[in-house]
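Undergrad: Pasting input28.pdb here (PDB, C-alpha atoms, pLDDT in the B column):
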ATOM      1  CA  MET A 384     185.063  47.039 -26.018  1.00 61.00           C
ATOM      2  CA  THR A 385     182.370  47.506 -23.385  1.00 73.00           C
ATOM      3  CA  HIS A 386     178.757  47.851 -24.373  1.00 86.00           C
ATOM      4  CA  GLN A 387     176.155  50.062 -22.764  1.00 93.00           C
ATOM      5  CA  VAL A 388     172.765  48.787 -21.614  1.00 95.00           C
ATOM      6  CA  TYR A 389     170.251  51.588 -21.093  1.00 97.00           C
ATOM      7  CA  ALA A 390     167.632  49.926 -18.886  1.00 97.00           C
ATOM      8  CA  PHE A 391     164.339  51.556 -17.917  1.00 98.00           C
ATOM      9  CA  GLU A 392     162.275  49.108 -15.876  1.00 94.00           C
ATOM     10  CA  PRO A 393     159.889  50.919 -15.965  1.00 95.00           C
ATOM     11  CA  PRO A 394     160.428  54.212 -17.819  1.00 97.00           C
ATOM     12  CA  GLU A 395     158.556  57.393 -16.958  1.00 97.00           C
ATOM     13  CA  ARG A 396     157.937  57.816 -20.694  1.00 97.00           C
ATOM     14  CA  PHE A 397     158.667  55.600 -23.708  1.00 98.00           C
ATOM     15  CA  VAL A 398     157.585  56.796 -27.133  1.00 98.00           C
ATOM     16  CA  ALA A 399     158.291  56.716 -30.836  1.00 98.00           C
ATOM     17  CA  GLY A 400     158.752  60.126 -32.438  1.00 97.00           C
ATOM     18  CA  THR A 401     160.378  62.028 -35.256  1.00 96.00           C
ATOM     19  CA  VAL A 402     162.585  65.008 -35.921  1.00 95.00           C
ATOM     20  CA  GLY A 403     162.416  66.902 -39.213  1.00 92.00           C
ATOM     21  CA  PRO A 404     159.799  67.771 -41.843  1.00 88.00           C
ATOM     22  CA  PRO A 405     157.790  65.101 -43.742  1.00 82.00           C
ATOM     23  CA  GLY A 406     160.005  63.414 -46.298  1.00 80.00           C
ATOM     24  CA  GLU A 407     163.101  64.134 -44.213  1.00 88.00           C
ATOM     25  CA  ARG A 408     161.999  62.737 -40.861  1.00 93.00           C
ATOM     26  CA  THR A 409     164.356  60.794 -38.629  1.00 96.00           C
ATOM     27  CA  PHE A 410     162.574  58.267 -36.430  1.00 97.00           C
ATOM     28  CA  TYR A 411     163.509  57.659 -32.813  1.00 98.00           C
ATOM     29  CA  LEU A 412     162.586  55.545 -29.831  1.00 98.00           C
ATOM     30  CA  GLN A 413     163.014  57.618 -26.689  1.00 98.00           C
ATOM     31  CA  ALA A 414     162.987  56.537 -23.048  1.00 98.00           C
ATOM     32  CA  ARG A 415     163.015  58.859 -20.035  1.00 98.00           C
ATOM     33  CA  GLY A 416     163.332  58.032 -16.369  1.00 97.00           C
ATOM     34  CA  GLY A 417     165.470  58.529 -13.287  1.00 95.00           C
ATOM     35  CA  GLY A 418     166.893  61.783 -14.635  1.00 96.00           C
ATOM     36  CA  ARG A 419     168.104  60.050 -17.817  1.00 97.00           C
ATOM     37  CA  LEU A 420     166.999  60.563 -21.422  1.00 98.00           C
ATOM     38  CA  VAL A 421     167.994  58.058 -24.120  1.00 98.00           C
ATOM     39  CA  SER A 422     167.142  58.353 -27.826  1.00 98.00           C
ATOM     40  CA  VAL A 423     167.949  55.716 -30.445  1.00 98.00           C
ATOM     41  CA  ALA A 424     167.408  56.124 -34.191  1.00 98.00           C
ATOM     42  CA  LEU A 425     165.633  53.616 -36.400  1.00 97.00           C
ATOM     43  CA  GLU A 426     163.778  53.332 -39.698  1.00 96.00           C
ATOM     44  CA  LYS A 427     160.110  54.141 -40.256  1.00 95.00           C
ATOM     45  CA  MET A 428     159.565  50.518 -41.269  1.00 95.00           C
ATOM     46  CA  GLN A 429     160.984  49.347 -37.933  1.00 97.00           C
ATOM     47  CA  VAL A 430     158.562  51.571 -35.993  1.00 97.00           C
ATOM     48  CA  ALA A 431     155.603  50.214 -37.981  1.00 96.00           C
ATOM     49  CA  LEU A 432     156.824  46.631 -37.545  1.00 97.00           C
ATOM     50  CA  LEU A 433     157.386  47.130 -33.816  1.00 98.00           C
ATOM     51  CA  ALA A 434     153.792  48.343 -33.352  1.00 97.00           C
ATOM     52  CA  GLU A 435     152.488  45.383 -35.354  1.00 97.00           C
ATOM     53  CA  LYS A 436     154.562  42.812 -33.457  1.00 97.00           C
ATOM     54  CA  LEU A 437     153.599  44.323 -30.090  1.00 97.00           C
ATOM     55  CA  GLU A 438     149.923  43.923 -30.976  1.00 95.00           C
ATOM     56  CA  GLU A 439     150.579  40.284 -31.859  1.00 96.00           C
ATOM     57  CA  LEU A 440     152.497  39.751 -28.606  1.00 96.00           C
ATOM     58  CA  LEU A 441     149.668  41.234 -26.506  1.00 95.00           C
ATOM     59  CA  ALA A 442     147.131  39.001 -28.249  1.00 94.00           C
ATOM     60  CA  GLU A 443     149.330  35.943 -27.705  1.00 94.00           C
ATOM     61  CA  ALA A 444     149.895  36.829 -24.036  1.00 93.00           C
ATOM     62  CA  HIS A 445     146.148  37.129 -23.549  1.00 92.00           C
ATOM     63  CA  GLN A 446     145.456  33.831 -25.292  1.00 93.00           C
ATOM     64  CA  ARG A 447     148.253  31.775 -23.714  1.00 92.00           C
ATOM     65  CA  PHE A 448     148.600  33.318 -20.257  1.00 88.00           C
ATOM     66  CA  GLY A 449     145.277  35.112 -19.708  1.00 87.00           C
ATOM     67  CA  ALA A 450     146.974  38.507 -19.482  1.00 85.00           C
ATOM     68  CA  GLU A 451     144.514  41.372 -18.988  1.00 84.00           C
ATOM     69  CA  LEU A 452     144.617  43.631 -22.021  1.00 79.00           C
ATOM     70  CA  PRO A 453     143.149  47.096 -22.409  1.00 75.00           C
ATOM     71  CA  ALA A 454     140.987  47.308 -25.540  1.00 69.00           C
ATOM     72  CA  THR A 455     142.112  50.877 -26.134  1.00 69.00           C
ATOM     73  CA  ALA A 456     144.764  53.155 -24.701  1.00 66.00           C
ATOM     74  CA  GLU A 457     143.801  54.485 -21.285  1.00 70.00           C
ATOM     75  CA  GLY A 458     144.172  58.136 -20.344  1.00 74.00           C
ATOM     76  CA  PRO A 459     144.983  61.085 -22.608  1.00 81.00           C
ATOM     77  CA  ALA A 460     147.011  60.421 -25.751  1.00 84.00           C
ATOM     78  CA  ASP A 461     150.678  61.461 -25.645  1.00 89.00           C
ATOM     79  CA  ASN A 462     151.026  63.735 -28.668  1.00 89.00           C
ATOM     80  CA  GLU A 463     153.883  65.769 -27.233  1.00 94.00           C
ATOM     81  CA  PRO A 464     157.124  66.051 -29.219  1.00 95.00           C
ATOM     82  CA  LEU A 465     160.227  64.144 -28.203  1.00 97.00           C
ATOM     83  CA  ASP A 466     162.046  65.462 -25.157  1.00 97.00           C
ATOM     84  CA  THR A 467     165.117  67.540 -25.955  1.00 95.00           C
ATOM     85  CA  PRO A 468     167.958  67.273 -26.511  1.00 95.00           C
ATOM     86  CA  VAL A 469     167.479  64.404 -28.979  1.00 96.00           C
ATOM     87  CA  ASP A 470     170.987  62.933 -28.965  1.00 96.00           C
ATOM     88  CA  GLU A 471     171.246  59.659 -30.882  1.00 97.00           C
ATOM     89  CA  GLU A 472     172.959  57.020 -28.733  1.00 97.00           C
ATOM     90  CA  PHE A 473     173.003  54.481 -31.564  1.00 97.00           C
ATOM     91  CA  ARG A 474     171.107  53.274 -34.633  1.00 97.00           C
ATOM     92  CA  VAL A 475     168.859  50.263 -34.033  1.00 97.00           C
ATOM     93  CA  GLY A 476     169.596  47.081 -35.949  1.00 96.00           C
ATOM     94  CA  THR A 477     167.457  44.502 -34.127  1.00 96.00           C
ATOM     95  CA  LEU A 478     164.313  44.724 -32.031  1.00 97.00           C
ATOM     96  CA  GLY A 479     163.554  42.006 -29.487  1.00 96.00           C
ATOM     97  CA  LEU A 480     160.265  41.431 -27.657  1.00 97.00           C
ATOM     98  CA  ALA A 481     159.342  39.191 -24.745  1.00 96.00           C
ATOM     99  CA  PHE A 482     156.424  38.767 -22.357  1.00 96.00           C
ATOM    100  CA  ASP A 483     157.353  38.224 -18.706  1.00 95.00           C
ATOM    101  CA  VAL A 484     154.654  35.894 -17.358  1.00 94.00           C
ATOM    102  CA  GLU A 485     155.556  36.429 -13.680  1.00 94.00           C
ATOM    103  CA  THR A 486     155.108  40.211 -13.780  1.00 94.00           C
ATOM    104  CA  SER A 487     152.699  40.401 -16.764  1.00 93.00           C
ATOM    105  CA  THR A 488     154.948  42.964 -18.412  1.00 95.00           C
ATOM    106  CA  VAL A 489     156.366  43.362 -21.894  1.00 97.00           C
ATOM    107  CA  ILE A 490     160.111  43.760 -22.420  1.00 97.00           C
ATOM    108  CA  ILE A 491     161.253  45.666 -25.497  1.00 98.00           C
ATOM    109  CA  GLU A 492     164.925  45.642 -26.418  1.00 97.00           C
ATOM    110  CA  ALA A 493     166.393  47.823 -29.163  1.00 97.00           C
ATOM    111  CA  ILE A 494     169.861  46.580 -30.074  1.00 97.00           C
ATOM    112  CA  ALA A 495     172.457  48.600 -31.960  1.00 96.00           C
ATOM    113  CA  ALA A 496     173.187  47.731 -35.566  1.00 94.00           C
ATOM    114  CA  GLU A 497     176.462  45.946 -36.115  1.00 84.00           C
ATOM    115  CA  GLU A 498     179.032  47.826 -38.123  1.00 63.00           C
ATOM    116  CA  VAL A 499     179.135  45.200 -40.863  1.00 46.00           C
ATOM    117  CA  GLU A 500     175.466  44.935 -41.790  1.00 44.00           C
ATOM    118  CA  PHE A 501     172.010  46.204 -41.005  1.00 42.00           C
ATOM    119  CA  ASP A 502     169.538  43.658 -39.625  1.00 44.00           C
ATOM    120  CA  ALA A 503     165.938  44.899 -39.591  1.00 45.00           C
ATOM    121  CA  GLU A 504     164.559  41.542 -38.478  1.00 46.00           C
ATOM    122  CA  THR A 505     162.358  41.586 -35.394  1.00 42.00           C
ATOM    123  CA  GLU A 506     162.246  38.556 -33.166  1.00 45.00           C
ATOM    124  CA  THR A 507     159.179  37.861 -31.042  1.00 43.00           C
ATOM    125  CA  GLU A 508     159.378  35.387 -28.185  1.00 45.00           C
ATOM    126  CA  THR A 509     157.829  34.743 -24.810  1.00 44.00           C
ATOM    127  CA  ALA A 510     159.700  34.180 -21.598  1.00 44.00           C
ATOM    128  CA  GLU A 511     158.559  30.552 -21.445  1.00 44.00           C
ATOM    129  CA  ASP A 512     159.942  29.841 -24.916  1.00 44.00           C
ATOM    130  CA  ASP A 513     163.499  30.792 -23.979  1.00 43.00           C
ATOM    131  CA  ASP A 514     164.539  27.302 -22.894  1.00 41.00           C
ATOM    132  CA  GLU A 515     162.496  25.370 -25.447  1.00 38.00           C
ATOM    133  CA  ASP A 516     164.284  26.184 -28.677  1.00 39.00           C
ATOM    134  CA  GLU A 517     167.390  28.264 -28.220  1.00 37.00           C
ATOM    135  CA  ASP A 518     168.661  27.432 -31.702  1.00 38.00           C
ATOM    136  CA  ALA A 519     165.710  29.275 -33.295  1.00 37.00           C
ATOM    137  CA  THR A 520     166.866  32.636 -31.946  1.00 38.00           C
ATOM    138  CA  PRO A 521     169.543  34.408 -33.996  1.00 40.00           C
ATOM    139  CA  GLU A 522     172.754  35.069 -32.150  1.00 49.00           C
ATOM    140  CA  ILE A 523     173.242  38.711 -31.235  1.00 50.00           C
ATOM    141  CA  SER A 524     176.622  39.910 -30.091  1.00 58.00           C
ATOM    142  CA  ASP A 525     176.849  40.914 -26.430  1.00 69.00           C
ATOM    143  CA  ASP A 526     179.198  43.693 -27.512  1.00 82.00           C
ATOM    144  CA  LEU A 527     176.355  45.841 -28.849  1.00 91.00           C
ATOM    145  CA  ASP A 528     174.679  48.742 -27.064  1.00 96.00           C
ATOM    146  CA  ARG A 529     171.027  48.221 -26.237  1.00 96.00           C
ATOM    147  CA  LEU A 530     167.999  50.044 -24.890  1.00 98.00           C
ATOM    148  CA  ARG A 531     165.711  47.923 -22.693  1.00 98.00           C
ATOM    149  CA  VAL A 532     162.313  48.969 -21.376  1.00 98.00           C
ATOM    150  CA  ARG A 533     159.683  47.102 -19.375  1.00 98.00           C
ATOM    151  CA  LEU A 534     156.052  48.161 -19.897  1.00 97.00           C
ATOM    152  CA  THR A 535     152.637  47.114 -18.651  1.00 94.00           C
ATOM    153  CA  PRO A 536     150.112  46.004 -21.299  1.00 94.00           C
ATOM    154  CA  ALA A 537     148.325  49.360 -20.887  1.00 92.00           C
ATOM    155  CA  GLU A 538     151.589  51.233 -21.532  1.00 94.00           C
ATOM    156  CA  VAL A 539     152.263  49.005 -24.555  1.00 95.00           C
ATOM    157  CA  ARG A 540     148.819  49.906 -25.947  1.00 94.00           C
ATOM    158  CA  GLN A 541     149.618  53.618 -25.547  1.00 94.00           C
ATOM    159  CA  PHE A 542     152.978  53.084 -27.286  1.00 96.00           C
ATOM    160  CA  ILE A 543     151.309  51.228 -30.190  1.00 96.00           C
ATOM    161  CA  ASP A 544     148.682  53.934 -30.696  1.00 94.00           C
ATOM    162  CA  ARG A 545     151.267  56.717 -30.742  1.00 95.00           C
ATOM    163  CA  ALA A 546     153.645  54.750 -32.994  1.00 96.00           C
ATOM    164  CA  LYS A 547     150.855  54.302 -35.544  1.00 95.00           C
ATOM    165  CA  ARG A 548     150.059  58.033 -35.446  1.00 94.00           C
ATOM    166  CA  VAL A 549     153.742  58.887 -35.927  1.00 94.00           C
ATOM    167  CA  VAL A 550     154.127  56.521 -38.896  1.00 93.00           C
ATOM    168  CA  ASN A 551     150.941  57.813 -40.556  1.00 89.00           C
ATOM    169  CA  ALA A 552     151.763  61.487 -39.989  1.00 85.00           C
ATOM    170  CA  GLY A 553     154.246  61.679 -42.858  1.00 73.00           C
ATOM    171  CA  ARG A 554     153.644  62.343 -46.525  1.00 66.00           C
ATOM    172  CA  PRO A 555     150.337  60.980 -47.849  1.00 69.00           C
ATOM    173  CA  PRO A 556     150.647  57.876 -50.038  1.00 68.00           C
ATOM    174  CA  CYS A 557     150.053  57.915 -53.783  1.00 74.00           C
ATOM    175  CA  PRO A 558     146.635  56.320 -54.427  1.00 75.00           C
ATOM    176  CA  LEU A 559     148.086  54.343 -57.336  1.00 76.00           C
ATOM    177  CA  CYS A 560     151.435  52.990 -56.129  1.00 75.00           C
ATOM    178  CA  GLY A 561     151.412  53.673 -52.391  1.00 67.00           C
ATOM    179  CA  GLN A 562     154.739  55.525 -52.374  1.00 68.00           C
ATOM    180  CA  PRO A 563     154.914  58.816 -50.440  1.00 66.00           C
ATOM    181  CA  LEU A 564     153.786  61.916 -52.339  1.00 68.00           C
ATOM    182  CA  ASP A 565     155.999  64.987 -52.326  1.00 66.00           C
ATOM    183  CA  PRO A 566     154.319  68.422 -52.417  1.00 62.00           C
ATOM    184  CA  ALA A 567     155.360  68.699 -56.089  1.00 66.00           C
ATOM    185  CA  GLY A 568     154.121  65.183 -56.900  1.00 65.00           C
ATOM    186  CA  HIS A 569     156.319  62.184 -57.637  1.00 68.00           C
ATOM    187  CA  LEU A 570     157.429  59.874 -60.399  1.00 75.00           C
ATOM    188  CA  CYS A 571     154.734  57.220 -60.179  1.00 77.00           C
ATOM    189  CA  PRO A 572     155.769  53.831 -61.591  1.00 75.00           C
ATOM    190  CA  ARG A 573     152.113  53.180 -62.450  1.00 71.00           C
ATOM    191  CA  HIS A 574     152.253  56.216 -64.782  1.00 68.00           C
ATOM    192  CA  ASN A 575     155.370  55.017 -66.605  1.00 66.00           C
ATOM    193  CA  GLY A 576     157.561  57.590 -64.897  1.00 56.00           C
ATOM    194  CA  TYR A 577     155.368  60.635 -65.484  1.00 54.00           C
ATOM    195  CA  HIS A 578     154.861  63.047 -62.609  1.00 53.00           C
ATOM    196  CA  ARG A 579     151.608  62.678 -60.719  1.00 49.00           C
ATOM    197  CA  ARG A 580     150.406  65.801 -58.921  1.00 53.00           C
TER     198      ARG A 580
END
Could you write out this structure as structure tokens?
TA:
Amino acid sequence: MTHQVYAFEPPERFVAGTVGPPGERTFYLQARGGGRLVSVALEKMQVALLAEKLEELLAEAHQRFGAELPATAEGPADNEPLDTPVDEEFRVGTLGLAFDVETSTVIIEAIAAEEVEFDAETETETAEDDDEDEDATPEISDDLDRLRVRLTPAEVRQFIDRAKRVVNAGRPPCPLCGQPLDPAGHLCPRHNGYHRR
């Protein structure tokens, strides 16, 4: 069975976004470029983790390789909705990150979940580490679809800022337990199962 690699190096636009009302949102990564539009579905936790790991990767690239990093996102914030149609190509199982030292760019790879199990683990590595310890990287089947984008550090910063806004735009958290609050309240474990409004 052949796999599809959707490569955007670089994309015209690469963002995290959602479809649906708070509490029922479906999260997507979406890349656009060269007349193509690719959307892949993933979990809210994966979007939050991706933003966190990208921040760590930028800091490491700056420390180890002297990469120039923007302190804040440059230019106007991209608050536009996802481009339509939002057709899910696949559901993401694994997210891979790498820093290309030669071009000072970040490579993000979203790899389809295998049919047998869901793997939400995110691996962070740098291009120079590839040959040093190959056994430390989990094996990922080459028979899986994947979305690959290459971004500058400035574009990564814009992606991180938007991803954080998207994650935080859902239902507000309960001040006691941190779980999302529904408009009618929720069964708070800190209240022994009583509704908190």
Undergrad: For the file shown, report as a count of residues only the outcome of the PyMOL selection byres ((chain A and resi 493) around 10) at residue level.
TA: 25
Undergrad: Since I can't run it myself right now, could you work out what the PyMOL selection byres ((chain A and resi 420) around 12) selects here and report it as an mmCIF file with C-alpha atoms, keeping the file's coordinate frame?
TA:
data_model
loop_
_atom_site.group_PDB
_atom_site.id
_atom_site.type_symbol
_atom_site.label_atom_id
_atom_site.label_comp_id
_atom_site.auth_asym_id
_atom_site.auth_seq_id
_atom_site.Cartn_x
_atom_site.Cartn_y
_atom_site.Cartn_z
ATOM 1 C CA TYR A 389 170.251 51.588 -21.093
ATOM 2 C CA ALA A 390 167.632 49.926 -18.886
ATOM 3 C CA PHE A 391 164.339 51.556 -17.917
ATOM 4 C CA PRO A 394 160.428 54.212 -17.819
ATOM 5 C CA GLU A 395 158.556 57.393 -16.958
ATOM 6 C CA ARG A 396 157.937 57.816 -20.694
ATOM 7 C CA PHE A 397 158.667 55.600 -23.708
ATOM 8 C CA VAL A 398 157.585 56.796 -27.133
ATOM 9 C CA LEU A 412 162.586 55.545 -29.831
ATOM 10 C CA GLN A 413 163.014 57.618 -26.689
ATOM 11 C CA ALA A 414 162.987 56.537 -23.048
ATOM 12 C CA ARG A 415 163.015 58.859 -20.035
ATOM 13 C CA GLY A 416 163.332 58.032 -16.369
ATOM 14 C CA GLY A 417 165.470 58.529 -13.287
ATOM 15 C CA GLY A 418 166.893 61.783 -14.635
ATOM 16 C CA ARG A 419 168.104 60.050 -17.817
ATOM 17 C CA VAL A 421 167.994 58.058 -24.120
ATOM 18 C CA SER A 422 167.142 58.353 -27.826
ATOM 19 C CA VAL A 423 167.949 55.716 -30.445
ATOM 20 C CA LEU A 465 160.227 64.144 -28.203
ATOM 21 C CA ASP A 466 162.046 65.462 -25.157
ATOM 22 C CA THR A 467 165.117 67.540 -25.955
ATOM 23 C CA PRO A 468 167.958 67.273 -26.511
ATOM 24 C CA VAL A 469 167.479 64.404 -28.979
ATOM 25 C CA ASP A 470 170.987 62.933 -28.965
ATOM 26 C CA GLU A 471 171.246 59.659 -30.882
ATOM 27 C CA GLU A 472 172.959 57.020 -28.733
ATOM 28 C CA LEU A 530 167.999 50.044 -24.890
#
Undergrad: Restricting the calculation to only C-alpha atoms: of A:Pro405, A:Glu451, A:Pro464, A:Arg573, which residue gets closest to Arg540 (chain A)?
TA: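 Of A:Pro405, A:Glu451, A:Pro464, A:Arg573, the one nearest Arg540 (chain A) is A:Glu451, counting only C-alpha atoms.
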Undergrad: In the coordinate frame of the file, compute which residues have an atom within 12 Å of (156.9, 39.1, -20.5) when using all atoms listed in the file, and state them as a ChimeraX atom specification.
TA: /A:437,440-441,443-445,447-448,450,479-492,507-513,532-536,539
Undergrad: Counting only C-alpha atoms, figure out which residue out of A:Gly449, A:Glu435, A:Pro572, A:Val549 gets nearest to Thr409 (chain A).
TA: A:Val549
Undergrad: In Å to one decimal, how far is CA of Ala434 (chain A) from CA of Thr401 (chain A)?
TA: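 Going from CA of Thr401 (chain A) over to CA of Ala434 (chain A) covers 15.3 Å.
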Undergrad: Please report the interatomic distance between CA of Lys547 (chain A) and CA of Ala431 (chain A) in Å with one decimal.
TA: 6.7 Å
Undergrad: How far is it from CA of Arg545 (chain A) to CA of Glu497 (chain A), in Å with one decimal?
TA: 27.9 Å
Undergrad: Would you please work out which residue, of A:Ala552, A:Leu559, A:Ala546, A:Cys571, is nearest to Leu432 (chain A) when using all atoms listed in the file?
TA: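 When distances to Leu432 (chain A) are compared using all atoms listed in the file, the smallest one comes from A:Ala546.
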Undergrad: Could you list, as a PyMOL selection string, every residue matched by the PyMOL selection byres ((chain A and resi 407) around 12) in this structure?
TA: chain A and resi 401-406+408-410+426-427+553-554+563+565
